[in-house]
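To start, the structure under review is shown below, and the notes come after it.
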Amino acid sequence: MSSVPDIRIFDDPTALFRGAADEFATRAISAVQSRGRFTVALAGGSTPKSLYTLLATNTSLPWNKIYFFFGDERHVPPDHPESNYRMVREALLSKIPIPAENVFRMPAENPDASKAAEAYEQTLRNFFNPAPGQFPRFDMVLLGMGPDGHTASLFPGIPVLQEKSHWVVSDWMEKFKTHRITLTLPVLNNAAVVMFLVSGQDKASTLKEVLQGKQPGELFPSKLIKPNGELIWMVDRAAAAQLSGAS
């Protein structure tokens, strides 16, 4: 089913972001050469933001053949300070020559989060148009991991972790008193490659549990990312500090 995780440990965050940018560029160029396009689901958060800032300086990428989607979004308008789309726009999209029609944001300004999720699922269906019963296949899914083990907006113990048929769902986050909109596990796990970016000492104990522990995945949703493609963990030495066998 899923491949063994490819765990890459970098000395510091700067080296991590450079490694991730190089991996992104290599995959993008290869996909465009072989299939004419590169489809990516983007992550929110501070660690991916540093990657986007670095990618924005790459003038050799075929930006007109790259298509950006979002793995999750806060239930806020696109200009809101907490919007993942706004962060990506400021760090990357506003700085590269990418056609507006290549960027597919979640319509999170819709007051009804479930309707926003339905609309985004339809957007994905229109773009990928897979066979009945099949899920879209992103060339790359970028993910971060929270100190609690969540990824995208898949938080510990939420019902959405059991979702088997929908591509995009909304869920009420009692902890934050708000809705989140997220791609579901079947979509994330259908990607050709999933690349996690994890940085910082505050993630060390969680990373050890996710990669080497025995707790159920429902308590650490990053454990549930088991793509039928490749799984790459890009981590810095601080985050990897508790991994057994890490050198």
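Starting from 1 in every chain, residues are counted up; chains themselves are A, B, ... following the order of the structure tokens, and ligands are numbered from 1 as listed.
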Residues near range 129-137 of chain A, cut-off 7 Å, only C-alpha atoms, skip fewer than 6 positions along chain, as number ranges by chain: A: 187, 190-192
Using only C-alpha atoms, which residues sit within 7 Å of Ala21 in chain A once same-chain residues fewer than 6 positions away are excluded, as an MDAnalysis selection string? chainID A and resid 51 54:55
Selected residues written out, C-alpha atoms, as a PDB file, in the first residue's frame:
ATOM      1  CA  LEU A  51       9.496  27.520   1.697  1.00  0.00           C
ATOM      2  CA  LEU A  54      12.295  30.825  -1.105  1.00  0.00           C
ATOM      3  CA  LEU A  55      10.357  29.451  -4.075  1.00  0.00           C
TER       4      LEU A  55
END
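Of the residues listed (A:Thr123, A:Ser199, A:Gln242, A:Thr182), A:Ser199 shows the shortest atom-to-atom separation from Leu16 in chain A; distances use only C-alpha atoms.
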Residues near range 112-117 of chain A, cut-off 9 Å, only C-alpha atoms, skip fewer than 6 positions along chain, as a compact mmCIF listing (two decimals) with N, CA, C and O atoms, in the first residue's frame:
# COMPACT_ATOMS: atom_id res chain seq x y z
N HIS A 75 -11.90 29.42 8.17
CA HIS A 75 -13.19 29.91 7.68
C HIS A 75 -13.23 31.44 7.77
O HIS A 75 -13.95 32.03 8.57
N MET A 106 -9.75 28.01 -1.65
CA MET A 106 -11.02 27.59 -1.06
C MET A 106 -11.90 28.83 -0.83
O MET A 106 -11.40 29.83 -0.31
N TRP A 167 -14.29 14.49 -0.60
CA TRP A 167 -12.94 14.98 -0.88
C TRP A 167 -12.58 16.16 0.02
O TRP A 167 -11.44 16.32 0.40
N VAL A 168 -13.59 17.00 0.29
CA VAL A 168 -13.38 18.22 1.07
C VAL A 168 -14.51 18.31 2.09
O VAL A 168 -15.67 18.11 1.74
N VAL A 169 -14.17 18.60 3.34
CA VAL A 169 -15.19 18.70 4.38
C VAL A 169 -14.90 19.91 5.26
O VAL A 169 -13.79 20.43 5.28
N SER A 170 -15.92 20.33 6.00
CA SER A 170 -15.72 21.33 7.05
C SER A 170 -15.99 20.68 8.38
O SER A 170 -16.76 19.71 8.47
N ASP A 171 -15.35 21.18 9.41
CA ASP A 171 -15.58 20.64 10.74
C ASP A 171 -15.46 21.77 11.75
O ASP A 171 -14.64 22.68 11.58
N HIS A 179 -14.93 27.07 12.33
CA HIS A 179 -14.87 25.97 11.37
C HIS A 179 -13.52 25.97 10.67
O HIS A 179 -12.88 27.02 10.52
N ARG A 180 -13.11 24.81 10.23
CA ARG A 180 -11.98 24.66 9.32
C ARG A 180 -12.47 23.87 8.11
O ARG A 180 -13.39 23.06 8.21
N ILE A 181 -11.85 24.11 6.98
CA ILE A 181 -12.18 23.40 5.75
C ILE A 181 -10.91 22.65 5.33
O ILE A 181 -9.82 23.22 5.33
N THR A 182 -11.06 21.37 5.00
CA THR A 182 -9.86 20.57 4.76
C THR A 182 -10.08 19.49 3.72
O THR A 182 -11.20 18.99 3.56
N LEU A 183 -9.02 19.16 3.00
CA LEU A 183 -9.03 17.95 2.20
C LEU A 183 -9.08 16.76 3.15
O LEU A 183 -8.59 16.83 4.28
Any chance you could list, as an NGL selection string, the residues in range 29-223 of chain A that come up alpha helix (DSSP H) when DSSP is run on the backbone? :A and (29-35 or 46-55 or 84-91 or 113-128 or 185-188 or 204-212)
I need the chosen residues saved as a CSV table (one decimal), in the first residue's frame, with C-alpha atoms.
chain,number,residue,atom,x,y,z
A,29,ILE,CA,10.2,20.3,-13.9
A,30,SER,CA,9.9,16.5,-14.2
A,31,ALA,CA,6.1,16.6,-14.1
A,32,VAL,CA,5.8,19.4,-16.6
A,33,GLN,CA,8.2,17.6,-19.0
A,34,SER,CA,6.3,14.3,-18.7
A,35,ARG,CA,2.7,15.3,-18.3
A,46,SER,CA,5.0,29.2,9.4
A,47,THR,CA,7.3,26.4,8.2
A,48,PRO,CA,5.7,26.2,4.7
A,49,LYS,CA,5.7,30.0,4.5
A,50,SER,CA,9.5,30.0,4.6
A,51,LEU,CA,9.5,27.5,1.7
A,52,TYR,CA,7.1,29.7,-0.3
A,53,THR,CA,9.3,32.8,0.3
A,54,LEU,CA,12.3,30.8,-1.1
A,55,LEU,CA,10.4,29.5,-4.1
A,84,ASN,CA,-3.8,30.5,4.4
A,85,TYR,CA,-4.5,31.9,0.9
A,86,ARG,CA,-3.5,35.4,2.0
A,87,MET,CA,-0.3,34.1,3.4
A,88,VAL,CA,0.6,32.2,0.3
A,89,ARG,CA,-0.4,35.1,-1.9
A,90,GLU,CA,1.9,37.5,0.1
A,91,ALA,CA,4.8,35.0,0.3
A,113,ALA,CA,-18.4,26.4,5.8
A,114,SER,CA,-20.0,23.2,4.6
A,115,LYS,CA,-21.1,24.9,1.4
A,116,ALA,CA,-17.6,26.2,0.9
A,117,ALA,CA,-16.3,22.7,1.3
A,118,GLU,CA,-18.9,21.4,-1.3
A,119,ALA,CA,-17.9,24.1,-3.7
A,120,TYR,CA,-14.2,23.3,-3.4
A,121,GLU,CA,-14.9,19.6,-3.9
A,122,GLN,CA,-16.7,20.5,-7.1
A,123,THR,CA,-13.8,22.7,-8.2
A,124,LEU,CA,-11.5,19.7,-7.8
A,125,ARG,CA,-13.8,17.4,-9.6
A,126,ASN,CA,-14.0,19.8,-12.5
A,127,PHE,CA,-10.2,20.1,-12.7
A,128,PHE,CA,-9.1,16.5,-12.1
A,185,LEU,CA,-7.4,11.6,4.2
A,186,PRO,CA,-8.4,9.6,1.0
A,187,VAL,CA,-7.4,12.7,-1.1
A,188,LEU,CA,-4.2,13.4,0.7
A,204,ALA,CA,10.4,16.7,18.6
A,205,SER,CA,8.4,14.5,20.9
A,206,THR,CA,5.4,14.5,18.6
A,207,LEU,CA,7.6,13.7,15.6
A,208,LYS,CA,9.1,10.7,17.5
A,209,GLU,CA,5.6,9.4,18.2
A,210,VAL,CA,4.3,9.9,14.7
A,211,LEU,CA,7.3,8.2,13.1
A,212,GLN,CA,8.3,5.6,15.7
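Residues within 9 Å of range 145-148 of chain A, counting only C-alpha atoms and excluding same-chain residues fewer than 6 positions away, are Gly45, Phe155, Pro156, Phe196, Leu197, Val198, Ser199, Asp202, Lys203, Ala204, Ser205, Thr206, Leu207, Leu219, Phe220, Pro221 and Ser222 of chain A.
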Just-selected residues, N, CA, C and O atoms written as a PDB file, in the first residue's frame:
ATOM      1  N   GLY A  45       0.734  27.682   7.565  1.00  0.00           N
ATOM      2  CA  GLY A  45       1.666  27.588   8.678  1.00  0.00           C
ATOM      3  C   GLY A  45       2.999  28.265   8.417  1.00  0.00           C
ATOM      4  O   GLY A  45       3.335  28.611   7.282  1.00  0.00           O
ATOM      5  N   PHE A 155      -7.441  17.297  12.979  1.00  0.00           N
ATOM      6  CA  PHE A 155      -7.018  17.396  14.370  1.00  0.00           C
ATOM      7  C   PHE A 155      -7.317  16.096  15.125  1.00  0.00           C
ATOM      8  O   PHE A 155      -8.169  15.311  14.710  1.00  0.00           O
ATOM      9  N   PRO A 156      -6.613  15.859  16.228  1.00  0.00           N
ATOM     10  CA  PRO A 156      -6.822  14.621  16.982  1.00  0.00           C
ATOM     11  C   PRO A 156      -8.284  14.402  17.360  1.00  0.00           C
ATOM     12  O   PRO A 156      -8.946  15.308  17.865  1.00  0.00           O
ATOM     13  N   PHE A 196       6.182  16.373   4.021  1.00  0.00           N
ATOM     14  CA  PHE A 196       6.019  17.068   5.296  1.00  0.00           C
ATOM     15  C   PHE A 196       7.214  17.981   5.535  1.00  0.00           C
ATOM     16  O   PHE A 196       8.366  17.602   5.265  1.00  0.00           O
ATOM     17  N   LEU A 197       6.949  19.154   6.084  1.00  0.00           N
ATOM     18  CA  LEU A 197       8.001  20.069   6.524  1.00  0.00           C
ATOM     19  C   LEU A 197       7.823  20.284   8.021  1.00  0.00           C
ATOM     20  O   LEU A 197       6.775  20.772   8.455  1.00  0.00           O
ATOM     21  N   VAL A 198       8.831  19.909   8.798  1.00  0.00           N
ATOM     22  CA  VAL A 198       8.716  20.004  10.254  1.00  0.00           C
ATOM     23  C   VAL A 198       9.983  20.631  10.814  1.00  0.00           C
ATOM     24  O   VAL A 198      11.093  20.139  10.574  1.00  0.00           O
ATOM     25  N   SER A 199       9.802  21.705  11.565  1.00  0.00           N
ATOM     26  CA  SER A 199      10.940  22.444  12.099  1.00  0.00           C
ATOM     27  C   SER A 199      10.688  22.815  13.549  1.00  0.00           C
ATOM     28  O   SER A 199       9.578  23.202  13.919  1.00  0.00           O
ATOM     29  N   ASP A 202       9.899  22.201  19.519  1.00  0.00           N
ATOM     30  CA  ASP A 202       8.565  21.947  20.078  1.00  0.00           C
ATOM     31  C   ASP A 202       7.836  20.819  19.357  1.00  0.00           C
ATOM     32  O   ASP A 202       6.805  20.347  19.829  1.00  0.00           O
ATOM     33  N   LYS A 203       8.372  20.363  18.230  1.00  0.00           N
ATOM     34  CA  LYS A 203       7.755  19.251  17.492  1.00  0.00           C
ATOM     35  C   LYS A 203       8.451  17.915  17.763  1.00  0.00           C
ATOM     36  O   LYS A 203       8.014  16.884  17.250  1.00  0.00           O
ATOM     37  N   ALA A 204       9.552  17.927  18.545  1.00  0.00           N
ATOM     38  CA  ALA A 204      10.418  16.744  18.637  1.00  0.00           C
ATOM     39  C   ALA A 204       9.710  15.518  19.215  1.00  0.00           C
ATOM     40  O   ALA A 204       9.797  14.422  18.647  1.00  0.00           O
ATOM     41  N   SER A 205       9.002  15.685  20.329  1.00  0.00           N
ATOM     42  CA  SER A 205       8.369  14.517  20.948  1.00  0.00           C
ATOM     43  C   SER A 205       7.228  13.998  20.078  1.00  0.00           C
ATOM     44  O   SER A 205       7.017  12.779  19.962  1.00  0.00           O
ATOM     45  N   THR A 206       6.497  14.904  19.444  1.00  0.00           N
ATOM     46  CA  THR A 206       5.406  14.494  18.553  1.00  0.00           C
ATOM     47  C   THR A 206       5.952  13.786  17.327  1.00  0.00           C
ATOM     48  O   THR A 206       5.399  12.761  16.889  1.00  0.00           O
ATOM     49  N   LEU A 207       7.033  14.300  16.755  1.00  0.00           N
ATOM     50  CA  LEU A 207       7.612  13.663  15.569  1.00  0.00           C
ATOM     51  C   LEU A 207       8.068  12.242  15.897  1.00  0.00           C
ATOM     52  O   LEU A 207       7.864  11.316  15.107  1.00  0.00           O
ATOM     53  N   LEU A 219      -5.106   9.830  17.470  1.00  0.00           N
ATOM     54  CA  LEU A 219      -4.578  10.770  18.459  1.00  0.00           C
ATOM     55  C   LEU A 219      -3.484  11.652  17.872  1.00  0.00           C
ATOM     56  O   LEU A 219      -3.179  12.715  18.411  1.00  0.00           O
ATOM     57  N   PHE A 220      -2.879  11.200  16.774  1.00  0.00           N
ATOM     58  CA  PHE A 220      -1.807  11.937  16.090  1.00  0.00           C
ATOM     59  C   PHE A 220      -2.064  11.830  14.589  1.00  0.00           C
ATOM     60  O   PHE A 220      -1.473  10.987  13.911  1.00  0.00           O
ATOM     61  N   PRO A 221      -2.974  12.660  14.045  1.00  0.00           N
ATOM     62  CA  PRO A 221      -3.436  12.462  12.671  1.00  0.00           C
ATOM     63  C   PRO A 221      -2.340  12.420  11.604  1.00  0.00           C
ATOM     64  O   PRO A 221      -2.542  11.825  10.541  1.00  0.00           O
ATOM     65  N   SER A 222      -1.180  13.019  11.868  1.00  0.00           N
ATOM     66  CA  SER A 222      -0.096  12.926  10.874  1.00  0.00           C
ATOM     67  C   SER A 222       0.298  11.474  10.619  1.00  0.00           C
ATOM     68  O   SER A 222       0.818  11.148   9.547  1.00  0.00           O
TER      69      SER A 222
END
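Put simply, CA of Leu243 in chain A is 22.6 Å away from CA of Val193 in chain A.
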